[in-house]
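Structure, as structure tokens:
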Amino acid sequence: MTEPVLATTTLGRRFGGLVAVDDVSLSLAPRTVHAVIGPNGAGKSTLVNLLSGDLRPSTGTIHLGALDITHWPSHRIAQHGVARSFQHTNVFAAFSAFENCRLAAQSRHKSFGRWVKPAERYGDWNAAADAALKIVGLASRGGIPAAALSHGERRSLEIAMALATQPSVLLLDEPLAGMGPEESAHIVALLKRLAADHAILLVEHDMDAVFALADRLTVMVNGRILASGAPDAIRANADVQRAYLGTEAVSTL
Amino acid sequence: MEWLIQILNSVQYGLLLFLVASGLTLIFGIMGVINLAHGSFYMIGAYLAFTLSSLTGSLWLALPLGIVLAAALGLLLEWALISRLYRRDHLYQVLLTFGLILIFEELRSVLVGDDVHSVAIPAVLGASLPLTETLSYPVYRLFISAVCLALAGLMYVTIQKTRFGMMIRAAASNPEMATSLGLDIRWIHALVFAAGVALAAFAGMIAAPVSSVFPGMGNQVLIVCFVIVVIGGIGSLKGALIASLLIGFADTFGKVLVPEFASIAVYLLMAVVLLFRPRGLFGRA
Amino acid sequence: MKRSLLPWLVVATVLLLLFPMAAEKFYLQLVTKIMILAIFALSLDLLVGYTGLVSLGHAAYFGIAAYTYALASQAADPANVWLTLPLALAASAAAALLVGALVLRTSGVYFIMVTLAFAQMAYYFFHDTRIAGGSDGIYINTRPDAHLPGLDLADDLHFYYFVLALLAIVFALLAVVLRSPFGRALQGIKANEHRMRALGYATLHYKLAAFVLAGTIAGLAGYLAAAKEGFVNPEMMAWHQSGAVLMMLILGGMGTLFGAVLGAFSYVLLQEWFSTLTKHWQLLMGGFIVAAVLLLPHGLIGLHRLRIKSRAPRPEGDGD
């Protein structure tokens, strides 16, 4: 068994009296797609927000390799190669698609002290931004303001921005939500390729995509892990069928 | 005994500030509007007290008249201008209400002039309570504290116990839901704004006999009230009350102990709170 | 800088260069004053227009540099620009660093109120203590001396060109900084700070750097204002001053450097015009501000943009 890239132990988060994530111990292995599924309100997005540092855990720890990142702020976690996408598209609406990715690529470099040379003259950053746009299929749309892209294109842009930061870990929160079938198929193929050299945590409702991609599945219900294992084992798990997948879903598996 | 006087002054000043600050914090909490002109309403109140009591010959007549005028002004402003700011950037709220300050200050200059005026303390409350052989405390200041406390209590009961209060709380926490419950948000906004104006003006009116009436008095109060809202936490009446009293003490005792730095004491207090509680003592995280 | 504005920039520069040939002393001094305020407005534009930080206390840094200069030049001889200017800028920068570290812990409407409150603290510091003449302020006997051959700052014409040169330098400096990776990061923060953090930017550091830079440039404007008037008083830091410079930005159109300069010119000229009409010019100014907020959401430069828009319709932003 290889060392996990990202691991949580007994991770929990309360909002007042509500426990959104409770006692979640989970480890993300390198070069795998680890899907987290569960009904709405199961705590999946909260989990992603905890891993990315957008929320602070109430209990438990998070380790990135050997580093304890439990209390790190989000920008520091991102600097260490953990990129995320958002469930609700979160891009720079007024900036062009290219500039969105260029800013993402720039984030990997020390730009705090760079006050003189124009940003667009940093060739490597431009190249990284172009590459990220190309890989998600937006190469020809770089000049268009993000706000003018279609919904599906903006979802792709969201992924491109994550990739432009050249991460080792990807936290993807429902990347396929609202995409058309063609775009969806394109992203599924892309994620398959990315899994060759990234660790991907995928929160997704599209079961076809989940079972096509996942090397490992974790099912969450009411903030807790109900089951975790290989996709086939999960499919066969009676608890999971009862609690979540339902008869209809199982029949399509 | 001298300390007792300072304590009473602190409480009186703090409670007076609370009347102004509570409107400011409610208007922000419910409508999301930062209202720089709020201090002007305090100033307007003081000038109303001066003008109306000279016209009618009695502060007791001036007070109710002034409240009605101030509330009417509030309704008018809300309808004509403030309601257009609800969904706009804070920057524009700042500017429009800044423009209002210039207008109010200049109107005051045109109508009443730039002189400092005084308002007589009503004869009934003109006495002083003897504390020792040489020290005494004016009854009117006690009256101010009592009235402010009564109003604070009334505010609490209105917001916590009445149907209107429930509507206000619903509107503050979730405007969409409040609308879907059939509450007419526009009326709630108008009434809250008018009440805020009336409270600030009332504070100006009852303060007029002790503070005198002078140009620029509104701005001075406004900025102190900002400090109160920041310390107390935006939208929190409890925070505003506690912060008002804190400021009352910091300012009063600052003036006695370190006269040159008294005005700064208030801001240092704010700096300390910001260091430890960036969203104020009772601010929502 | 948008290319479409470049010709206007050239025209404006040429006009300012040639202006003294045609102008009487009064107008020369007026335009000098406006250019100083333009530097001030540019500094605030960096915060409000490019970083999204609405400061209502920017006059503090203007005033702190002015006071530093005044206190450093109480001798009868002219002060040396190369000593007093760095000192004044350093004072403003240090104050901005200190205040920035505190106020940037807050955001939104808190930020507005807290910046105002700290500026008021600076105001009262000079108003209530006897350090520099209290509420009366203090006089500076002579203009500073730059010790450059042929340059005599005591001469209004020379001073005019000195200020114009500094305005050009500040404009160019900001134009360069805003195109740099640092400047792009600031604009990203204005557009969506949360996303910038998620991308790995330590946004607080960027905002603090912008706050200090803006405070320093405001200090330059304050230094020039004190040098020009030969006089400082606490009113330089009063919040009316902070409000007025915000109004200049709105008037000109924030988020464009040219707009900030345009705003300074429009605001002061408007003020001059109103004050020829009535001694209660503030009434007109207040009414004008209210009307401008209601009718002119993008500033004067927005009029220009409207024209471009009608030629090439641009997509609507959804403000994500």
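By convention in this document, the chains of the structure tokens carry letters A, B, ... by their order, each chain's residues are numbered from 1, and ligands are numbered from 1 in the order they are shown.
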
Item to check | Near-Leu52 in chain B list (7 Å; only C-alpha atoms; drop same-chain fewer than 4 positions) as number ranges by chain | outcome: B: 48, 56, 62

Pull N, CA, C and O atoms from the residues just selected and write them as a PDB file, in the first residue's frame.
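Result file is out_23.pdb:
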```pdb
ATOM      1  N   LEU B  48     -33.588  71.682  15.930  1.00  0.00           N
ATOM      2  CA  LEU B  48     -35.054  71.703  16.086  1.00  0.00           C
ATOM      3  C   LEU B  48     -35.410  72.100  17.506  1.00  0.00           C
ATOM      4  O   LEU B  48     -36.325  72.911  17.733  1.00  0.00           O
ATOM      5  N   THR B  56     -42.030  78.131  20.484  1.00  0.00           N
ATOM      6  CA  THR B  56     -43.148  77.762  21.348  1.00  0.00           C
ATOM      7  C   THR B  56     -42.912  78.185  22.792  1.00  0.00           C
ATOM      8  O   THR B  56     -43.833  78.173  23.596  1.00  0.00           O
ATOM      9  N   ALA B  62     -41.542  71.519  22.193  1.00  0.00           N
ATOM     10  CA  ALA B  62     -40.608  71.301  21.088  1.00  0.00           C
ATOM     11  C   ALA B  62     -40.333  69.822  20.868  1.00  0.00           C
ATOM     12  O   ALA B  62     -40.221  69.373  19.725  1.00  0.00           O
TER      13      ALA B  62
END
```

Residues of chain C that approach chain A to 6 Å or less, counting only C-alpha atoms: could you list each one with the shortest pair of atoms and its distance in Å to one decimal, rows by chain and increasing residue number, as CSV?
```
residue,atom,partner,partner_atom,distance
C:Val176,CA,A:Val116,CA,5.9
C:Val177,CA,A:Trp115,CA,5.0
C:Arg179,CA,A:Pro118,CA,5.0
C:Ser180,CA,A:Pro118,CA,4.3
C:Pro181,CA,A:Ala119,CA,4.7
C:Phe182,CA,A:Phe112,CA,5.5
C:Arg197,CA,A:His75,CA,4.8
C:Ala198,CA,A:His75,CA,5.6
C:Leu199,CA,A:Ala104,CA,5.9
C:Gly200,CA,A:His75,CA,3.8
C:Tyr201,CA,A:His75,CA,5.5
C:Ala202,CA,A:His75,CA,5.8
C:Pro315,CA,A:Ala148,CA,5.8
C:Gly317,CA,A:Ala147,CA,5.3
C:Asp320,CA,A:Ala93,CA,5.6
```

Checklist entry - Which of range 101-154 of chain B counts as alpha helix (DSSP H) under DSSP, as a list in words please? => result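 Selecting the alpha helix (DSSP H) positions of range 101-154 of chain B gives Ile101, Leu102, Ile103, Phe104, Glu105, Glu106, Leu107, Arg108, Ser109, Val110, Leu111, Val112, Val139, Tyr140, Arg141, Leu142, Phe143, Ile144, Ser145, Ala146, Val147, Cys148, Leu149, Ala150, Leu151, Ala152, Gly153 and Leu154 of chain B.
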
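The interatomic distance for the pair CA of Ile34 in chain B and CA of Leu96 in chain B works out to 10.1 Å.
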
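Between CA of Arg169 in chain B and CA of Phe28 in chain B there is a distance of 12.9 Å.
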
Any chance you could tabulate, as a Markdown table, the residues of chain B at most 8 Å from chain C with each one's nearest atom pair and distance in Å to one decimal, using only C-alpha atoms, in chain and rising number order?
```
| residue | atom | partner | partner_atom | distance |
| --- | --- | --- | --- | --- |
| B:Ile34 | CA | C:Val109 | CA | 7.1 |
| B:Arg84 | CA | C:Leu294 | CA | 7.9 |
| B:His90 | CA | C:Val109 | CA | 6.8 |
| B:Leu91 | CA | C:Val54 | CA | 6.6 |
| B:Tyr92 | CA | C:Val293 | CA | 6.2 |
| B:Leu95 | CA | C:Met247 | CA | 6.8 |
| B:Leu96 | CA | C:Val290 | CA | 4.9 |
| B:Thr97 | CA | C:Val290 | CA | 7.7 |
| B:Phe98 | CA | C:Gly243 | CA | 7.0 |
| B:Gly99 | CA | C:Gly286 | CA | 4.1 |
| B:Leu100 | CA | C:Gly286 | CA | 6.0 |
| B:Ile101 | CA | C:Gly286 | CA | 7.4 |
| B:Leu102 | CA | C:Gly286 | CA | 5.0 |
| B:Ile103 | CA | C:Leu283 | CA | 4.7 |
| B:Phe104 | CA | C:Leu283 | CA | 8.0 |
| B:Glu106 | CA | C:Leu283 | CA | 5.6 |
| B:Leu107 | CA | C:Leu283 | CA | 7.1 |
| B:Val110 | CA | C:His280 | CA | 7.6 |
| B:Ile223 | CA | C:Ala117 | CA | 6.4 |
| B:Val224 | CA | C:Ala117 | CA | 8.0 |
| B:Phe226 | CA | C:Met113 | CA | 5.9 |
| B:Val227 | CA | C:Ala117 | CA | 6.6 |
| B:Val230 | CA | C:Tyr110 | CA | 6.5 |
| B:Glu260 | CA | C:Thr129 | CA | 5.4 |
| B:Phe261 | CA | C:Asp128 | CA | 7.1 |
| B:Ser263 | CA | C:Tyr124 | CA | 6.2 |
| B:Ile264 | CA | C:Met121 | CA | 5.5 |
| B:Tyr267 | CA | C:Met121 | CA | 6.2 |
| B:Ala271 | CA | C:Leu102 | CA | 7.2 |
| B:Leu274 | CA | C:Leu102 | CA | 6.9 |
| B:Leu275 | CA | C:Leu102 | CA | 6.7 |
| B:Pro278 | CA | C:Thr106 | CA | 5.8 |
| B:Arg279 | CA | C:Thr106 | CA | 7.0 |
```

Grab the residues selected above and save them as a PDB file, in the first residue's frame with C-alpha atoms.
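Written output follows (out_6.pdb):
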```pdb
ATOM      1  CA  ILE B  34     -24.159  52.601   5.724  1.00  0.00           C
ATOM      2  CA  ARG B  84     -32.505  53.526  -4.072  1.00  0.00           C
ATOM      3  CA  HIS B  90     -21.364  50.534  -0.071  1.00  0.00           C
ATOM      4  CA  LEU B  91     -19.232  53.051  -1.929  1.00  0.00           C
ATOM      5  CA  TYR B  92     -22.313  54.703  -3.408  1.00  0.00           C
ATOM      6  CA  LEU B  95     -21.116  59.048  -1.275  1.00  0.00           C
ATOM      7  CA  LEU B  96     -24.808  59.762  -1.402  1.00  0.00           C
ATOM      8  CA  THR B  97     -25.085  60.091   2.337  1.00  0.00           C
ATOM      9  CA  PHE B  98     -21.903  62.213   2.316  1.00  0.00           C
ATOM     10  CA  GLY B  99     -23.671  64.497  -0.157  1.00  0.00           C
ATOM     11  CA  LEU B 100     -26.610  64.639   2.251  1.00  0.00           C
ATOM     12  CA  ILE B 101     -24.311  65.806   5.037  1.00  0.00           C
ATOM     13  CA  LEU B 102     -23.116  68.715   2.914  1.00  0.00           C
ATOM     14  CA  ILE B 103     -26.717  69.609   2.129  1.00  0.00           C
ATOM     15  CA  PHE B 104     -27.888  69.429   5.751  1.00  0.00           C
ATOM     16  CA  GLU B 106     -25.358  74.105   4.500  1.00  0.00           C
ATOM     17  CA  LEU B 107     -29.135  74.278   4.979  1.00  0.00           C
ATOM     18  CA  VAL B 110     -28.633  79.191   5.595  1.00  0.00           C
ATOM     19  CA  ILE B 223     -17.819  59.068  14.030  1.00  0.00           C
ATOM     20  CA  VAL B 224     -18.077  58.110  17.679  1.00  0.00           C
ATOM     21  CA  PHE B 226     -19.185  54.318  14.005  1.00  0.00           C
ATOM     22  CA  VAL B 227     -16.677  53.340  16.657  1.00  0.00           C
ATOM     23  CA  VAL B 230     -17.578  48.558  15.154  1.00  0.00           C
ATOM     24  CA  GLU B 260      -4.914  66.096  25.540  1.00  0.00           C
ATOM     25  CA  PHE B 261      -5.434  62.501  24.488  1.00  0.00           C
ATOM     26  CA  SER B 263     -10.366  62.087  21.900  1.00  0.00           C
ATOM     27  CA  ILE B 264      -7.846  59.423  20.986  1.00  0.00           C
ATOM     28  CA  TYR B 267     -10.103  55.089  18.976  1.00  0.00           C
ATOM     29  CA  ALA B 271      -8.032  49.342  17.917  1.00  0.00           C
ATOM     30  CA  LEU B 274     -10.207  45.025  16.451  1.00  0.00           C
ATOM     31  CA  LEU B 275      -7.039  43.204  17.395  1.00  0.00           C
ATOM     32  CA  PRO B 278     -12.330  41.926  14.218  1.00  0.00           C
ATOM     33  CA  ARG B 279     -16.115  41.619  13.920  1.00  0.00           C
TER      34      ARG B 279
END
```

Next on the checklist: When you look at range 237-250 of chain B with a cut-off of 6 Å (counting only C-alpha atoms), what residues show up, excluding the ones that are within fewer than 5 positions of it in the same chain? I need them as a ChimeraX atom specification.
Outcome noted: /B:10,13-14,17-18,228-229,231-232,282

Write a file of the just-selected residues containing C-alpha atoms, as a tab-separated table (two decimals), in the first residue's frame.
```tsv
chain	number	residue	atom	x	y	z
B	10	SER	CA	-20.19	58.56	31.60
B	13	TYR	CA	-23.14	60.28	27.61
B	14	GLY	CA	-23.03	56.56	26.79
B	17	LEU	CA	-24.81	57.84	22.15
B	18	PHE	CA	-26.76	54.61	22.23
B	228	ILE	CA	-19.55	52.05	18.79
B	229	VAL	CA	-20.99	50.00	15.96
B	231	ILE	CA	-16.91	47.67	18.79
B	232	GLY	CA	-20.40	46.30	19.40
B	282	PHE	CA	-21.27	40.75	19.36
```

Item to check | Selection: 9 Å around Gly219 in chain C, only C-alpha atoms, excl. self and same-chain fewer than 6 positions, as a list in words | outcome: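 Listed by chain and then number, they are Phe40, Ala59, Ala60, Tyr61, Phe62, Gly63, Ile64, Ala65, Ala66, Ala88, Leu89, Ala90, Ala91, Ser92 and Ala93 of chain C.
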
Checklist outcome for this item: CA of Trp187 in chain B sits from CA of Pro64 in chain B at a separation of 22.7 Å
